[in-house]
>>> print(open('model13.cif').read())   # mmCIF, C-alpha atoms
data_protein
loop_
_atom_site.label_atom_id
_atom_site.label_comp_id
_atom_site.auth_asym_id
_atom_site.auth_seq_id
_atom_site.Cartn_x
_atom_site.Cartn_y
_atom_site.Cartn_z
CA MET G 41 0.30 22.00 17.03
CA LYS G 42 -0.99 20.10 14.02
CA TYR G 43 -0.82 16.74 15.81
CA ILE G 44 -3.28 17.94 18.41
CA TYR G 45 -5.61 19.10 15.65
CA ILE G 46 -5.35 15.68 14.01
CA LEU G 47 -6.00 13.98 17.35
CA LEU G 48 -9.18 15.99 17.84
CA VAL G 49 -10.32 15.18 14.34
CA SER G 50 -9.66 11.50 14.95
CA ILE G 51 -11.72 11.57 18.16
CA LEU G 52 -14.62 13.61 16.84
CA PHE G 53 -14.91 12.37 13.27
CA PHE G 54 -15.98 8.75 13.17
CA THR G 55 -17.02 7.14 9.93
CA ALA G 56 -16.18 4.14 7.80
CA CYS G 57 -17.24 2.49 4.60
CA GLU G 58 -19.43 -0.28 3.26
CA ASP G 59 -19.58 -3.18 5.73
CA LEU G 60 -18.14 -1.31 8.70
CA ASP G 61 -20.41 0.17 11.39
CA GLN G 62 -20.97 3.86 10.71
CA SER G 63 -23.02 4.80 13.76
CA PRO G 64 -20.74 5.06 16.78
CA PRO G 65 -21.95 6.81 19.92
CA ASN G 66 -21.22 10.47 20.55
CA ILE G 67 -18.24 10.95 22.84
CA ALA G 68 -16.41 13.71 24.61
CA SER G 69 -12.88 12.40 25.16
CA ALA G 70 -10.82 9.26 24.55
CA ASP G 71 -10.40 8.38 28.22
CA SER G 72 -14.16 8.38 28.78
CA LEU G 73 -14.88 5.87 26.01
CA THR G 74 -16.18 2.39 26.71
CA ASP G 75 -17.06 1.49 23.10
CA PHE G 76 -14.19 1.83 20.64
CA ASP G 77 -15.92 0.61 17.48
CA GLY G 78 -16.15 4.15 16.15
CA VAL G 79 -12.50 4.94 16.80
CA LEU G 80 -11.43 1.73 15.11
CA ASN G 81 -13.66 2.47 12.15
CA ALA G 82 -11.99 5.85 11.85
CA ALA G 83 -8.63 4.09 11.50
CA TYR G 84 -10.04 2.02 8.64
CA PHE G 85 -11.63 5.08 7.07
CA TYR G 86 -8.44 7.12 7.03
CA GLN G 87 -6.76 4.52 4.82
CA LEU G 88 -8.92 5.95 2.02
CA GLY G 89 -6.75 9.04 1.94
CA THR G 90 -3.69 6.93 1.09
CA VAL G 91 -5.16 5.14 -1.90
CA THR G 92 -4.86 7.56 -4.83
CA PRO G 93 -1.45 8.94 -3.79
CA LEU G 94 -0.08 5.39 -3.54
CA ALA G 95 -1.53 4.50 -6.93
CA VAL G 96 0.13 7.53 -8.50
CA MET G 97 3.45 7.06 -6.70
CA GLY G 98 3.53 3.34 -7.42
CA ASP G 99 2.82 3.40 -11.15
CA PHE G 100 3.22 6.96 -12.46
CA ARG G 101 6.63 7.37 -10.81
CA ALA G 102 7.70 4.11 -12.46
CA ASP G 103 7.64 2.86 -16.05
CA ASN G 104 3.98 1.78 -16.19
CA ALA G 105 2.31 5.18 -16.56
CA PHE G 106 3.20 8.82 -17.02
CA MET G 107 1.81 12.32 -16.59
CA MET G 108 1.08 14.55 -19.57
CA GLU G 109 0.18 17.88 -17.97
CA SER G 110 2.60 20.28 -16.29
CA PRO G 111 3.51 20.45 -13.44
CA TYR G 112 2.32 16.90 -12.78
CA ASP G 113 4.91 15.56 -15.21
CA GLU G 114 7.39 16.17 -12.38
CA PHE G 115 6.60 12.60 -11.35
CA ASP G 116 8.60 11.53 -14.39
CA GLN G 117 11.44 13.94 -13.70
CA PHE G 118 13.72 13.05 -10.84
CA ASP G 119 14.62 16.36 -9.24
CA LYS G 120 13.62 18.71 -6.44
CA ASP G 121 10.69 20.15 -8.39
CA LEU G 122 8.47 17.26 -7.31
CA VAL G 123 7.76 19.33 -4.19
CA GLN G 124 5.24 21.18 -6.37
CA MET G 125 3.02 18.15 -5.81
CA ASN G 126 3.27 18.50 -2.03
CA GLU G 127 -0.25 19.64 -1.27
CA GLN G 128 -1.82 17.63 -4.07
CA PHE G 129 -0.36 14.21 -3.36
CA PHE G 130 1.88 14.04 -0.33
CA SER G 131 0.09 16.16 2.25
CA PRO G 132 -3.27 14.31 2.07
CA PHE G 133 -1.41 11.00 2.21
CA TYR G 134 0.72 12.06 5.18
CA THR G 135 -2.26 13.47 7.08
CA ALA G 136 -4.42 10.41 6.46
CA CYS G 137 -1.70 8.06 7.75
CA TYR G 138 -1.23 9.99 10.97
CA LYS G 139 -4.96 10.34 11.56
CA ALA G 140 -5.20 6.56 11.25
CA ILE G 141 -2.26 6.12 13.61
CA LEU G 142 -3.77 8.40 16.26
CA SER G 143 -7.09 6.57 16.07
CA CYS G 144 -5.21 3.29 16.48
CA ASN G 145 -3.33 4.67 19.47
CA ILE G 146 -6.59 5.50 21.21
CA VAL G 147 -7.85 1.94 20.76
CA ILE G 148 -4.55 0.31 21.73
CA GLU G 149 -4.20 2.37 24.90
CA ASN G 150 -7.78 2.22 26.09
CA SER G 151 -9.81 -0.67 24.71
CA GLU G 152 -10.22 -3.81 26.81
CA ASN G 153 -11.26 -5.82 23.76
CA ASP G 154 -8.26 -7.83 22.58
CA ASP G 155 -9.62 -8.18 19.05
CA GLU G 156 -10.09 -4.44 18.71
CA VAL G 157 -6.56 -3.81 19.93
CA ALA G 158 -5.16 -6.36 17.48
CA GLU G 159 -7.03 -4.76 14.57
CA ALA G 160 -5.66 -1.39 15.61
CA GLN G 161 -2.14 -2.78 15.78
CA PHE G 162 -2.47 -4.15 12.25
CA LEU G 163 -3.76 -0.81 10.95
CA ARG G 164 -1.04 1.15 12.76
CA ALA G 165 1.61 -1.12 11.26
CA LEU G 166 0.06 -0.74 7.81
CA SER G 167 0.01 3.05 8.15
CA TYR G 168 3.64 3.24 9.26
CA PHE G 169 4.68 0.81 6.51
CA LYS G 170 3.13 3.15 3.95
CA LEU G 171 4.85 6.15 5.53
CA VAL G 172 8.37 4.70 5.59
CA ARG G 173 8.19 3.41 2.03
CA VAL G 174 7.12 6.83 0.81
CA PHE G 175 9.17 9.16 3.04
CA GLY G 176 11.91 7.05 4.68
CA ASP G 177 12.49 8.38 8.21
CA VAL G 178 9.26 9.53 9.87
CA THR G 179 7.94 10.73 13.21
CA ILE G 180 6.96 7.96 15.62
CA ASN G 181 3.94 8.67 17.78
CA LEU G 182 2.56 5.86 19.92
CA SER G 183 0.46 8.07 22.18
CA SER G 184 -3.23 8.91 22.00
CA ALA G 185 -2.47 12.31 23.53
CA PRO G 186 0.90 13.61 22.29
CA SER G 187 2.28 16.64 24.04
CA ALA G 188 1.33 19.98 22.55
CA THR G 189 4.47 21.62 23.93
CA ASP G 190 7.25 19.06 23.43
CA GLN G 191 8.36 19.74 19.87
CA ALA G 192 11.14 17.14 20.12
CA ILE G 193 8.62 14.33 19.76
CA LEU G 194 8.06 15.45 16.17
CA ALA G 195 11.63 14.64 15.15
CA ARG G 196 11.86 11.95 12.48
CA SER G 197 13.07 8.51 13.59
CA PRO G 198 15.29 6.33 11.36
CA GLU G 199 13.37 4.03 9.05
CA SER G 200 15.00 1.00 10.69
CA GLU G 201 13.69 2.11 14.09
CA VAL G 202 10.16 2.52 12.75
CA TYR G 203 10.28 -1.08 11.56
CA SER G 204 11.85 -2.49 14.72
CA THR G 205 9.85 -0.57 17.34
CA VAL G 206 6.46 -0.21 15.67
CA ILE G 207 5.72 -2.13 12.49
CA ILE G 208 7.15 -5.55 13.32
CA PRO G 209 6.04 -5.65 17.00
CA ASP G 210 2.54 -4.47 16.07
CA LEU G 211 2.17 -7.17 13.42
CA GLU G 212 3.51 -9.89 15.72
CA ALA G 213 1.03 -8.83 18.38
CA ALA G 214 -1.83 -8.76 15.88
CA ILE G 215 -0.96 -12.24 14.57
CA ALA G 216 -1.08 -13.63 18.11
CA ILE G 217 -4.69 -12.48 18.62
CA LEU G 218 -6.51 -12.23 15.28
CA ASP G 219 -8.32 -15.04 13.50
CA ASN G 220 -9.54 -14.97 9.91
CA SER G 221 -13.19 -14.10 10.53
CA GLY G 222 -12.58 -10.54 9.32
CA LEU G 223 -11.83 -11.63 5.74
CA SER G 224 -15.48 -11.70 4.71
CA THR G 225 -16.16 -8.17 5.97
CA GLY G 226 -12.94 -6.47 4.91
CA LYS G 227 -11.49 -6.17 8.40
CA ALA G 228 -8.02 -7.07 9.62
CA SER G 229 -7.30 -10.79 9.93
CA LYS G 230 -4.50 -13.09 11.01
CA ILE G 231 -3.59 -13.96 7.43
CA ALA G 232 -3.52 -10.25 6.51
CA ALA G 233 -1.15 -9.49 9.39
CA GLN G 234 1.04 -12.47 8.44
CA SER G 235 1.10 -11.37 4.81
CA LEU G 236 2.05 -7.82 5.71
CA LEU G 237 4.78 -9.05 8.04
CA GLY G 238 6.16 -11.23 5.26
CA LYS G 239 6.10 -8.24 2.93
CA VAL G 240 7.93 -6.20 5.56
CA TYR G 241 10.66 -8.81 5.90
CA VAL G 242 11.11 -8.91 2.12
CA GLU G 243 11.31 -5.12 2.12
CA ARG G 244 14.00 -5.28 4.79
CA GLY G 245 15.94 -7.99 2.96
CA ASN G 246 15.42 -10.53 5.74
CA PHE G 247 14.56 -13.40 3.42
CA MET G 248 14.91 -16.15 6.02
CA LEU G 249 12.15 -14.71 8.19
CA ALA G 250 10.18 -13.74 5.09
CA GLU G 251 10.23 -17.32 3.85
CA MET G 252 9.00 -18.64 7.20
CA ILE G 253 6.08 -16.25 7.60
CA LEU G 254 5.03 -16.36 3.94
CA ALA G 255 5.13 -20.17 3.98
CA ASP G 256 2.61 -20.01 6.83
CA VAL G 257 0.39 -17.79 4.69
CA ILE G 258 0.58 -20.09 1.68
CA ASN G 259 -0.04 -23.21 3.77
CA SER G 260 -3.01 -21.74 5.65
CA ALA G 261 -4.62 -19.92 2.73
CA ASP G 262 -6.99 -22.70 1.65
CA GLU G 263 -8.30 -23.20 5.18
CA ALA G 264 -8.90 -19.46 5.43
CA GLY G 265 -10.79 -19.50 2.13
CA VAL G 266 -8.10 -17.54 0.31
CA VAL G 267 -7.45 -18.93 -3.18
CA LEU G 268 -6.38 -17.60 -6.55
CA GLN G 269 -9.28 -16.68 -8.78
CA ASP G 270 -9.45 -18.98 -11.81
CA ASP G 271 -10.01 -15.98 -14.07
CA PHE G 272 -7.71 -12.98 -13.59
CA ALA G 273 -10.51 -10.62 -14.66
CA ASN G 274 -12.62 -11.73 -11.70
CA ILE G 275 -10.28 -10.04 -9.24
CA PHE G 276 -11.32 -6.55 -10.32
CA GLY G 277 -14.52 -4.52 -10.61
CA THR G 278 -17.01 -3.67 -7.91
CA ILE G 279 -18.87 -6.98 -8.22
CA ASN G 280 -15.63 -8.71 -7.26
CA ASP G 281 -14.79 -6.68 -4.16
CA LEU G 282 -13.63 -8.94 -1.31
CA ASN G 283 -13.30 -11.93 -3.65
CA SER G 284 -11.43 -15.06 -2.56
CA GLU G 285 -8.02 -13.75 -3.66
CA ILE G 286 -8.21 -10.59 -1.56
CA ILE G 287 -6.37 -10.76 1.75
CA PHE G 288 -6.91 -7.13 2.68
CA ALA G 289 -8.43 -4.19 0.84
CA THR G 290 -9.29 -0.64 1.75
CA GLN G 291 -12.99 -0.44 1.13
CA VAL G 292 -14.11 2.46 -1.03
CA SER G 293 -17.58 3.96 -1.31
CA SER G 294 -18.81 6.77 -3.54
CA SER G 295 -21.04 7.93 -0.67
CA ILE G 296 -18.07 8.76 1.57
CA ASN G 297 -15.61 11.58 1.00
CA ASP G 298 -11.98 11.15 1.96
CA GLU G 299 -8.71 13.10 1.96
CA TYR G 300 -8.47 12.61 -1.79
CA GLY G 301 -12.12 12.42 -2.80
CA PHE G 302 -11.87 14.83 -5.72
CA SER G 303 -9.80 12.45 -7.90
CA GLU G 304 -9.65 8.69 -7.40
CA PHE G 305 -7.16 6.01 -8.40
CA TRP G 306 -9.42 4.31 -10.94
CA SER G 307 -9.77 7.52 -12.98
CA TRP G 308 -6.00 7.99 -13.14
CA SER G 309 -5.27 4.55 -14.56
CA GLY G 310 -8.27 4.82 -16.88
CA GLY G 311 -7.10 8.08 -18.46
CA LEU G 312 -10.08 9.99 -17.09
CA ASP G 313 -8.07 12.79 -15.48
CA THR G 314 -6.77 15.64 -17.62
CA LYS G 315 -3.39 15.36 -15.96
CA SER G 316 -2.85 12.21 -18.01
CA LEU G 317 -5.49 11.36 -20.62
CA GLU G 318 -3.28 8.65 -22.13
CA PRO G 319 -1.28 7.38 -19.15
CA LEU G 320 -0.15 4.00 -20.48
CA GLU G 321 3.62 3.78 -20.97
CA GLN G 322 4.90 2.09 -24.14
CA ASP G 323 7.33 0.21 -21.92
CA LEU G 324 4.48 -1.68 -20.26
CA ILE G 325 2.99 -2.50 -23.66
CA ASN G 326 6.39 -3.88 -24.66
CA ALA G 327 6.48 -5.97 -21.49
CA PHE G 328 3.21 -7.63 -22.47
CA ASP G 329 4.51 -8.06 -26.02
CA ASP G 330 7.33 -10.07 -24.48
CA SER G 331 4.71 -12.28 -22.78
CA PRO G 332 2.68 -13.62 -25.76
CA GLY G 333 -0.62 -15.25 -24.91
CA ASP G 334 -0.78 -13.56 -21.49
CA LEU G 335 -4.42 -13.57 -20.39
CA ARG G 336 -3.80 -10.54 -18.19
CA ARG G 337 -3.09 -8.27 -21.13
CA ASP G 338 -6.63 -7.20 -22.06
CA VAL G 339 -7.59 -6.81 -18.40
CA THR G 340 -4.59 -4.57 -17.72
CA ILE G 341 -3.95 -2.44 -20.80
CA ASP G 342 -5.96 -0.83 -23.60
CA GLU G 343 -3.56 0.03 -26.40
CA ALA G 344 -6.17 1.97 -28.37
CA LEU G 345 -6.95 4.33 -25.50
CA LEU G 346 -3.45 4.11 -23.99
CA SER G 347 -4.93 3.49 -20.55
CA SER G 348 -5.77 0.66 -18.16
CA PRO G 349 -9.26 -0.87 -17.84
CA LYS G 350 -8.19 -2.87 -14.77
CA PHE G 351 -10.60 -0.93 -12.56
CA PRO G 352 -13.51 -0.34 -14.98
CA GLN G 353 -15.11 3.09 -15.25
CA GLU G 354 -18.49 1.55 -14.49
CA GLY G 355 -18.80 1.60 -10.73
CA GLY G 356 -15.42 3.28 -10.48
CA PRO G 357 -16.02 5.32 -7.31
CA ASP G 358 -16.88 2.10 -5.46
CA HIS G 359 -13.85 0.02 -6.39
CA ASP G 360 -12.00 -1.25 -3.36
CA TRP G 361 -8.25 -0.63 -3.29
CA ILE G 362 -6.44 -3.93 -3.02
CA GLU G 363 -3.72 -3.68 -0.39
CA ILE G 364 -2.71 -7.37 -0.36
CA ARG G 365 -3.84 -10.29 -2.51
CA LEU G 366 -2.69 -13.87 -2.73
CA ALA G 367 -0.80 -13.58 -6.03
CA ASP G 368 1.30 -10.78 -4.53
CA VAL G 369 2.11 -13.00 -1.54
CA ILE G 370 2.96 -16.00 -3.75
CA LEU G 371 5.43 -13.92 -5.75
CA LEU G 372 6.99 -12.53 -2.58
CA TYR G 373 7.33 -16.08 -1.29
CA ALA G 374 9.00 -17.09 -4.55
CA GLU G 375 11.40 -14.18 -4.14
CA ALA G 376 12.28 -15.18 -0.60
CA LEU G 377 12.84 -18.80 -1.62
CA ASN G 378 15.09 -17.76 -4.48
CA GLU G 379 17.15 -15.41 -2.32
CA ASN G 380 17.58 -18.30 0.14
CA GLY G 381 19.06 -20.49 -2.61
CA LYS G 382 15.86 -22.49 -3.26
CA THR G 383 15.45 -21.57 -6.90
CA SER G 384 13.55 -24.70 -7.98
CA GLU G 385 11.02 -24.19 -5.17
CA ALA G 386 10.73 -20.53 -6.19
CA ALA G 387 9.88 -21.69 -9.73
CA THR G 388 7.02 -23.80 -8.36
CA GLN G 389 5.50 -20.73 -6.73
CA LEU G 390 6.11 -18.48 -9.72
CA ASN G 391 4.45 -21.01 -12.02
CA LYS G 392 1.22 -20.84 -10.00
CA VAL G 393 0.81 -17.24 -11.11
CA ARG G 394 2.01 -17.91 -14.67
CA SER G 395 -0.39 -20.81 -15.07
CA ARG G 396 -3.38 -18.64 -14.19
CA ALA G 397 -2.15 -16.16 -16.82
CA GLY G 398 -2.13 -18.91 -19.48
CA LEU G 399 1.66 -19.04 -19.68
CA ASP G 400 4.11 -21.92 -19.76
CA ASP G 401 6.33 -22.65 -16.78
CA THR G 402 9.20 -20.26 -16.33
CA ALA G 403 12.43 -20.95 -18.22
CA ALA G 404 14.49 -19.38 -15.43
CA THR G 405 16.88 -21.82 -13.77
CA SER G 406 19.64 -19.78 -12.15
CA GLU G 407 19.19 -17.52 -9.15
CA ASP G 408 19.82 -14.40 -11.25
CA GLU G 409 17.40 -15.51 -13.97
CA MET G 410 14.76 -16.28 -11.37
CA ARG G 411 15.26 -12.91 -9.70
CA SER G 412 14.56 -11.14 -13.01
CA ALA G 413 11.67 -13.46 -13.86
CA ILE G 414 9.91 -12.75 -10.55
CA LEU G 415 10.31 -8.98 -10.96
CA ASP G 416 8.93 -9.19 -14.49
CA GLU G 417 6.02 -11.31 -13.30
CA ARG G 418 5.20 -8.86 -10.51
CA ARG G 419 5.04 -6.08 -13.07
CA LEU G 420 2.56 -7.89 -15.32
CA GLU G 421 0.49 -9.29 -12.45
CA LEU G 422 0.29 -6.15 -10.31
CA ALA G 423 0.38 -3.29 -12.83
CA PHE G 424 -1.75 -0.29 -11.77
CA GLU G 425 -2.06 -1.64 -8.23
CA GLY G 426 0.61 0.70 -6.83
CA HIS G 427 3.53 -1.75 -6.56
CA ARG G 428 5.94 -1.10 -9.42
CA TRP G 429 8.02 1.84 -8.14
CA PHE G 430 8.39 0.33 -4.69
CA ASP G 431 9.43 -3.00 -6.23
CA LEU G 432 12.13 -1.28 -8.28
CA VAL G 433 13.49 0.55 -5.24
CA ARG G 434 13.38 -2.57 -3.08
CA THR G 435 15.18 -4.75 -5.64
CA GLY G 436 17.79 -2.14 -6.55
CA THR G 437 16.74 -2.14 -10.20
CA VAL G 438 15.63 1.46 -10.61
CA ASP G 439 18.34 2.51 -13.08
CA GLU G 440 18.18 -0.73 -15.06
CA GLU G 441 14.41 -0.73 -15.47
CA MET G 442 13.93 3.02 -15.85
CA GLY G 443 16.73 3.28 -18.42
CA GLN G 444 18.47 6.17 -16.71
CA VAL G 445 20.67 6.91 -13.73
CA ILE G 446 18.51 8.29 -10.94
CA ASP G 447 19.82 9.92 -7.78
CA PRO G 448 18.80 7.68 -4.83
CA ASN G 449 17.53 10.81 -3.06
CA TYR G 450 14.55 10.57 -5.39
CA TYR G 451 13.71 6.98 -4.52
CA ILE G 452 11.55 8.46 -1.76
CA PHE G 453 9.28 11.48 -1.84
CA PRO G 454 9.25 14.98 -0.34
CA ILE G 455 7.89 15.62 3.13
CA PRO G 456 4.90 17.98 2.87
CA ASN G 457 6.01 21.58 3.43
CA SER G 458 2.99 22.17 5.64
CA GLU G 459 4.27 19.50 8.06
CA ILE G 460 7.74 21.03 8.15
CA LEU G 461 6.37 24.49 8.87
CA SER G 462 3.83 23.36 11.47
CA SER G 463 6.61 21.53 13.35
CA PHE G 464 8.65 24.74 13.48
CA MET G 465 11.26 23.04 11.27
CA VAL G 466 11.77 20.12 13.70
CA ILE G 467 10.69 17.88 10.85
CA GLU G 468 13.30 18.28 8.11
CA GLN G 469 12.92 17.88 4.37
CA ASN G 470 14.35 14.81 2.63
CA PRO G 471 17.72 15.43 0.93
CA GLY G 472 17.41 16.60 -2.65
CA TYR G 473 14.05 18.30 -2.12
CA GLU G 474 15.23 21.33 -0.18
CA GLN G 475 14.11 24.59 -1.77
#
>>> encode(input="model13.cif", output="structure tokens")
Amino acid sequence: MKYIYILLVSILFFTACEDLDQSPPNIASADSLTDFDGVLNAAYFYQLGTVTPLAVMGDFRADNAFMMESPYDEFDQFDKDLVQMNEQFFSPFYTACYKAILSCNIVIENSENDDEVAEAQFLRALSYFKLVRVFGDVTINLSSAPSATDQAILARSPESEVYSTVIIPDLEAAIAILDNSGLSTGKASKIAAQSLLGKVYVERGNFMLAEMILADVINSADEAGVVLQDDFANIFGTINDLNSEIIFATQVSSSINDEYGFSEFWSWSGGLDTKSLEPLEQDLINAFDDSPGDLRRDVTIDEALLSSPKFPQEGGPDHDWIEIRLADVILLYAEALNENGKTSEAATQLNKVRSRAGLDDTAATSEDEMRSAILDERRLELAFEGHRWFDLVRTGTVDEEMGQVIDPNYYIFPIPNSEILSSFMVIEQNPGYEQ
């Protein structure tokens, strides 16, 4: 079974990037381990394989960027033919997530170091969060040694169950143990787990709990050394990796190959891949036109080259992928406040981000106006960071923002055919993508 193969790879292949220890001891089996640094590093490493697929799904599926070369233009066409991208985009992503999860399971089941277990719980929650947003219902595996004969364990669990039995409990457990010492080295931290939990609650539409947990993040950010950069440009580029605004990033190194090493996220947004040499959508240009004086414009879009310089070509293969940063959290907090009827307080949060961008305070006063203003601000602030499509789906604004009626089946993505076949059809394809 493929899961057993992945388990063996997770046990035998230990590596990580940049600041993380890359020299774990040789081992024979998970139950004989006494040092789990290497296994934990593997869980960090496998996040690399999710980066480029998420960048493409988040922005190229939405109205920020588009594909020019067939069959990759299927990202802009909402039908079953997107399965042609299975092995290119979805299979490496899927495999990387489950490799990370299996590595986490080994640590959670066997390590006696509470901090290691908490880091693994954060990474497992992050991996499952990525999976459910991309595929909806997914297989839950919480074992370090899943059965090779029980095919039933491969069956997909409802998205709601993945949240309630894995993602939320893992994050709550991680929050209870972690401190913020990992921020400086790119490891999991308490504030990262809190931020992800707040994001999860927003995703689930539980704005009361989202407000509570995100308020904790905002109120503790200064003490943790997490602050907005004064200059938006200073968030990006290799010299700014792990800057003060970054709450959690997947660290990237040109010296380490990953599931998607042949084509990286920074080259896609920069128009350096033949699949889309001029990826910038006119709609995003128009959005910046509607925001005159926005200091983020030149950092985010290049109208002459019809691309994004947000992650500069110089040093490109070493750009970290930003998973969570403070501006993202502030805007989520504003959204939660607004949905809880606290529109004036939401404006205060929204204006923190607008002020940094050189813009006047928002003119939005009603709940509906504020809802639209926050979504617009997220687009300009987070363009080419893999958020846009997932924001549209979450807020129910796909048709409105995309300018067409899109079958909700295509809000999520096709399960890799290789996974369906290797499960002996226990794993079923998402509706709309059946061949």
>>> closest_residue(input="model13.cif", among="G:Ser309, G:Asn380, G:Gln353, G:Gln128", to="G:Phe247", atoms="only C-alpha atoms")
G:Asn380
>>> closest_atom_pairs(input="model13.cif", of="stretch 385-450 of chain G", to="stretch 94-99 of chain G", cutoff="7 Å", atoms="only C-alpha atoms", output="tab-separated table")
residue	atom	partner	partner_atom	distance
G:Phe424	CA	G:Asp99	CA	5.9
G:Glu425	CA	G:Ala95	CA	6.3
G:Gly426	CA	G:Gly98	CA	4.0
G:His427	CA	G:Gly98	CA	5.2
G:Arg428	CA	G:Gly98	CA	5.4
G:Trp429	CA	G:Gly98	CA	4.8
G:Phe430	CA	G:Gly98	CA	6.3
>>> resolve_selection(input="model13.cif", expression="the PyMOL selection byres ((chain G and resi 448) around 10)", output="tab-separated table (two decimals) with C-alpha atoms, keeping the file's coordinate frame")
chain	number	residue	atom	x	y	z
G	118	PHE	CA	13.72	13.05	-10.84
G	433	VAL	CA	13.49	0.55	-5.24
G	438	VAL	CA	15.63	1.46	-10.61
G	439	ASP	CA	18.34	2.51	-13.08
G	445	VAL	CA	20.67	6.91	-13.73
G	446	ILE	CA	18.51	8.29	-10.94
G	447	ASP	CA	19.82	9.92	-7.78
G	449	ASN	CA	17.53	10.81	-3.06
G	450	TYR	CA	14.55	10.57	-5.39
G	451	TYR	CA	13.71	6.98	-4.52
G	452	ILE	CA	11.55	8.46	-1.76
G	471	PRO	CA	17.72	15.43	0.93
G	472	GLY	CA	17.41	16.60	-2.65
>>> closest_atom_pairs(input="model13.cif", of="stretch 304-383 of chain G", to="stretch 275-287 of chain G", cutoff="6 Å", atoms="all atoms listed in the file", output="tab-separated table")
residue	atom	partner	partner_atom	distance
G:Phe351	CA	G:Gly277	CA	5.7
G:His359	CA	G:Thr278	CA	5.1
G:Ile364	CA	G:Ile287	CA	5.4
G:Arg365	CA	G:Ile286	CA	4.5
G:Leu366	CA	G:Glu285	CA	5.4
>>> residues_around(input="model13.cif", residues="G:Ile207", least_positions_apart="3", cutoff="8 Å", atoms="all atoms listed in the file", output="PDB file with C-alpha atoms, in the frame of the given file")
ATOM      1  CA  ARG G 164      -1.040   1.150  12.760  1.00  0.00           C
ATOM      2  CA  ALA G 165       1.610  -1.120  11.260  1.00  0.00           C
ATOM      3  CA  LEU G 166       0.060  -0.740   7.810  1.00  0.00           C
ATOM      4  CA  TYR G 168       3.640   3.240   9.260  1.00  0.00           C
ATOM      5  CA  PHE G 169       4.680   0.810   6.510  1.00  0.00           C
ATOM      6  CA  VAL G 202      10.160   2.520  12.750  1.00  0.00           C
ATOM      7  CA  TYR G 203      10.280  -1.080  11.560  1.00  0.00           C
ATOM      8  CA  SER G 204      11.850  -2.490  14.720  1.00  0.00           C
ATOM      9  CA  ASP G 210       2.540  -4.470  16.070  1.00  0.00           C
ATOM     10  CA  LEU G 211       2.170  -7.170  13.420  1.00  0.00           C
TER      11      LEU G 211
END
>>> residues_around(input="model13.cif", residues="G:Leu80", least_positions_apart="2", cutoff="7 Å", atoms="only C-alpha atoms", output="ChimeraX atom specification")
/G:76-78,82-84,143-144,147,160
>>> closest_residue(input="model13.cif", among="G:Val206, G:Ala213, G:Ala185, G:Leu194", to="G:Val157", atoms="only C-alpha atoms")
G:Ala213
>>> residues_around(input="model13.cif", residues="G:Gly310", least_positions_apart="3", cutoff="7 Å", atoms="only C-alpha atoms", output="PDB file with C-alpha atoms, in the coordinates of the input")
ATOM      1  CA  TRP G 306      -9.420   4.310 -10.940  1.00  0.00           C
ATOM      2  CA  SER G 307      -9.770   7.520 -12.980  1.00  0.00           C
ATOM      3  CA  SER G 347      -4.930   3.490 -20.550  1.00  0.00           C
ATOM      4  CA  SER G 348      -5.770   0.660 -18.160  1.00  0.00           C
ATOM      5  CA  PRO G 349      -9.260  -0.870 -17.840  1.00  0.00           C
TER       6      PRO G 349
END
>>> build_atoms(input="model13.cif", residues="stretch 318-327 of chain G", atoms="N, CA and C atoms", output="compact mmCIF listing (two decimals), in the coordinates of the input")
# COMPACT_ATOMS: atom_id res chain seq x y z
N GLU G 318 -3.80 9.89 -21.52
CA GLU G 318 -3.28 8.65 -22.13
C GLU G 318 -2.09 8.16 -21.29
N PRO G 319 -2.36 7.64 -20.11
CA PRO G 319 -1.28 7.38 -19.15
C PRO G 319 -0.41 6.18 -19.45
N LEU G 320 -0.85 5.27 -20.30
CA LEU G 320 -0.15 4.00 -20.48
C LEU G 320 1.22 4.19 -21.12
N GLU G 321 2.25 3.71 -20.45
CA GLU G 321 3.62 3.78 -20.97
C GLU G 321 3.83 2.70 -22.03
N GLN G 322 4.55 3.06 -23.11
CA GLN G 322 4.90 2.09 -24.14
C GLN G 322 5.71 0.94 -23.56
N ASP G 323 6.49 1.23 -22.52
CA ASP G 323 7.33 0.21 -21.92
C ASP G 323 6.50 -0.93 -21.33
N LEU G 324 5.34 -0.63 -20.79
CA LEU G 324 4.48 -1.68 -20.26
C LEU G 324 3.85 -2.47 -21.41
N ILE G 325 3.49 -1.79 -22.48
CA ILE G 325 2.99 -2.50 -23.66
C ILE G 325 4.05 -3.48 -24.15
N ASN G 326 5.30 -3.02 -24.21
CA ASN G 326 6.39 -3.88 -24.66
C ASN G 326 6.56 -5.09 -23.74
N ALA G 327 6.35 -4.87 -22.43
CA ALA G 327 6.48 -5.97 -21.49
C ALA G 327 5.44 -7.05 -21.76
